[in-house]
Structures are given as C-alpha cells and as structure tokens.
Amino acid sequence: MYSILYQKLVLAAIVATVSFTANAADFTIVNASQVSLQRLHISPCGARQWGPDQLIEPLPPSRHFTISDITPGCYDVEFVVAPWNVCVLAGADLRRHKVWKVTQWTVFGSQSGDCSHVADYASVGRRPWTW
C-alpha cells in the first residue's frame, strides 16, 4: 500500500514538472551586431526595477543566448552594450518562444537613445462602457 501511494506521488510530481516545462516560455537574444552585449535583464511588465543579469558572460557578436523556463506572461526585456547604452523591448508576450535579433542598427540606436520599442501592447485593464 505504501509503495503504491509513493509511486502515485512520484508520478504526479513528474507529470507536474513536464506540464510546467511544456507550458514554459523561452526567450532568445541573437547578437547580429558587431559588439558584445554586456547585460540582459528580464522583468514582468510594469515592474519598477529590472531583474538580475541573465547573461553568464558578455554575448559576443554572431552568437545567441536563450533564457528558458520563463513563466508565460508579459515581460520587458533590456540589454546593455558598452559604454552602458540601453535598449528595451517593452511588452514582450512570452508564451512559447520569442526571439529578439540585435543588429548593428539596434546598437546604433542605443547610442542615440532610440532603439527601444514595443513588442506587443500590454493591456492595463478593461471595463464596460457607461453613458
């Protein structure tokens, strides 16, 4: 009896883990520029601060890096290039797999403060119309 209950609990834990992994989102940043990306931050939409740096080390040109097992939802993504120019992808709807390709033009835009853009528009609410 004890071993059957134990086996059912183990099986339930495995199913829950597989279910979470199957529903989890991935985010890949592709560095198609000619400079290394120094940092990568991902935060839930509307958060007042950035999460920790997701890169293990700077991401060199012609490489990509994937963050996996993200809880599906709305996120803002920020990358930093030296000397601390910042670019933001706002409202990324991470449900399955999202790819952000950073080109030389993206890096050039970060130097002039003009590379941030909206990936998807995130809703801030809804209410019925009233007269």
# chains A, B, ... in the order shown; residues from 1 in each chain; ligands from 1

call {"tool": "select_by_dssp", "arguments": {"residues": "region 22-131 of chain A", "states": "helix (DSSP H, G or I)", "output": "ChimeraX atom specification"}}
result
/A:22-23,104-111

call {"tool": "residues_around", "arguments": {"residues": "Val88 (chain A)", "least_positions_apart": "5", "cutoff": "8 Å", "atoms": "only C-alpha atoms", "output": "JSON, numbers by chain"}}
result
{"A": [76, 77, 78, 79, 115, 116, 117]}

call {"tool": "write_last_selection", "arguments": {"atoms": "all heavy atoms", "output": "PDB file, in the first residue's frame"}}
result
ATOM      1  N   ASP A  76       9.166  42.860 -19.921  1.00  0.00           N
ATOM      2  CA  ASP A  76      10.007  43.873 -20.543  1.00  0.00           C
ATOM      3  C   ASP A  76      11.427  43.313 -20.539  1.00  0.00           C
ATOM      4  O   ASP A  76      11.861  42.705 -19.560  1.00  0.00           O
ATOM      5  CB  ASP A  76       9.960  45.187 -19.763  1.00  0.00           C
ATOM      6  CG  ASP A  76       8.570  45.806 -19.759  1.00  0.00           C
ATOM      7  OD1 ASP A  76       7.829  45.618 -20.745  1.00  0.00           O
ATOM      8  OD2 ASP A  76       8.234  46.479 -18.772  1.00  0.00           O
ATOM      9  N   VAL A  77      12.130  43.521 -21.661  1.00  0.00           N
ATOM     10  CA  VAL A  77      13.480  42.980 -21.813  1.00  0.00           C
ATOM     11  C   VAL A  77      14.428  44.144 -22.093  1.00  0.00           C
ATOM     12  O   VAL A  77      14.121  45.021 -22.901  1.00  0.00           O
ATOM     13  CB  VAL A  77      13.537  41.964 -22.980  1.00  0.00           C
ATOM     14  CG1 VAL A  77      14.935  41.393 -23.131  1.00  0.00           C
ATOM     15  CG2 VAL A  77      12.511  40.857 -22.777  1.00  0.00           C
ATOM     16  N   GLU A  78      15.570  44.145 -21.423  1.00  0.00           N
ATOM     17  CA  GLU A  78      16.555  45.212 -21.596  1.00  0.00           C
ATOM     18  C   GLU A  78      17.912  44.584 -21.857  1.00  0.00           C
ATOM     19  O   GLU A  78      18.299  43.634 -21.188  1.00  0.00           O
ATOM     20  CB  GLU A  78      16.621  46.063 -20.321  1.00  0.00           C
ATOM     21  CG  GLU A  78      17.743  47.091 -20.333  1.00  0.00           C
ATOM     22  CD  GLU A  78      17.968  47.720 -18.974  1.00  0.00           C
ATOM     23  OE1 GLU A  78      18.445  46.996 -18.060  1.00  0.00           O
ATOM     24  OE2 GLU A  78      17.669  48.901 -18.820  1.00  0.00           O
ATOM     25  N   PHE A  79      18.646  45.115 -22.852  1.00  0.00           N
ATOM     26  CA  PHE A  79      20.041  44.715 -22.991  1.00  0.00           C
ATOM     27  C   PHE A  79      20.914  45.955 -22.929  1.00  0.00           C
ATOM     28  O   PHE A  79      20.470  47.065 -23.206  1.00  0.00           O
ATOM     29  CB  PHE A  79      20.305  43.892 -24.269  1.00  0.00           C
ATOM     30  CG  PHE A  79      20.368  44.688 -25.534  1.00  0.00           C
ATOM     31  CD1 PHE A  79      21.536  45.309 -25.931  1.00  0.00           C
ATOM     32  CD2 PHE A  79      19.255  44.799 -26.343  1.00  0.00           C
ATOM     33  CE1 PHE A  79      21.591  46.036 -27.100  1.00  0.00           C
ATOM     34  CE2 PHE A  79      19.303  45.516 -27.521  1.00  0.00           C
ATOM     35  CZ  PHE A  79      20.478  46.143 -27.902  1.00  0.00           C
ATOM     36  N   CYS A 115      16.473  53.084 -29.580  1.00  0.00           N
ATOM     37  CA  CYS A 115      16.338  51.695 -30.039  1.00  0.00           C
ATOM     38  C   CYS A 115      15.241  50.944 -29.316  1.00  0.00           C
ATOM     39  O   CYS A 115      14.893  49.840 -29.696  1.00  0.00           O
ATOM     40  CB  CYS A 115      17.651  50.938 -29.889  1.00  0.00           C
ATOM     41  SG  CYS A 115      18.030  50.530 -28.196  1.00  0.00           S
ATOM     42  N   SER A 116      14.692  51.531 -28.272  1.00  0.00           N
ATOM     43  CA  SER A 116      13.641  50.843 -27.533  1.00  0.00           C
ATOM     44  C   SER A 116      12.362  50.827 -28.346  1.00  0.00           C
ATOM     45  O   SER A 116      12.057  51.772 -29.060  1.00  0.00           O
ATOM     46  CB  SER A 116      13.405  51.537 -26.193  1.00  0.00           C
ATOM     47  OG  SER A 116      14.574  51.478 -25.407  1.00  0.00           O
ATOM     48  N   HIS A 117      11.626  49.733 -28.265  1.00  0.00           N
ATOM     49  CA  HIS A 117      10.370  49.652 -28.982  1.00  0.00           C
ATOM     50  C   HIS A 117       9.402  48.718 -28.258  1.00  0.00           C
ATOM     51  O   HIS A 117       9.777  47.993 -27.354  1.00  0.00           O
ATOM     52  CB  HIS A 117      10.585  49.215 -30.429  1.00  0.00           C
ATOM     53  CG  HIS A 117      11.127  47.836 -30.585  1.00  0.00           C
ATOM     54  ND1 HIS A 117      12.448  47.524 -30.442  1.00  0.00           N
ATOM     55  CD2 HIS A 117      10.499  46.672 -30.862  1.00  0.00           C
ATOM     56  CE1 HIS A 117      12.631  46.230 -30.633  1.00  0.00           C
ATOM     57  NE2 HIS A 117      11.470  45.685 -30.883  1.00  0.00           N
TER      58      HIS A 117
END

call {"tool": "residues_around", "arguments": {"residues": "Arg39 (chain A)", "least_positions_apart": "5", "cutoff": "10 Å", "atoms": "only C-alpha atoms", "output": "PyMOL selection string"}}
result
chain A and resi 52-59+78-82+84+86
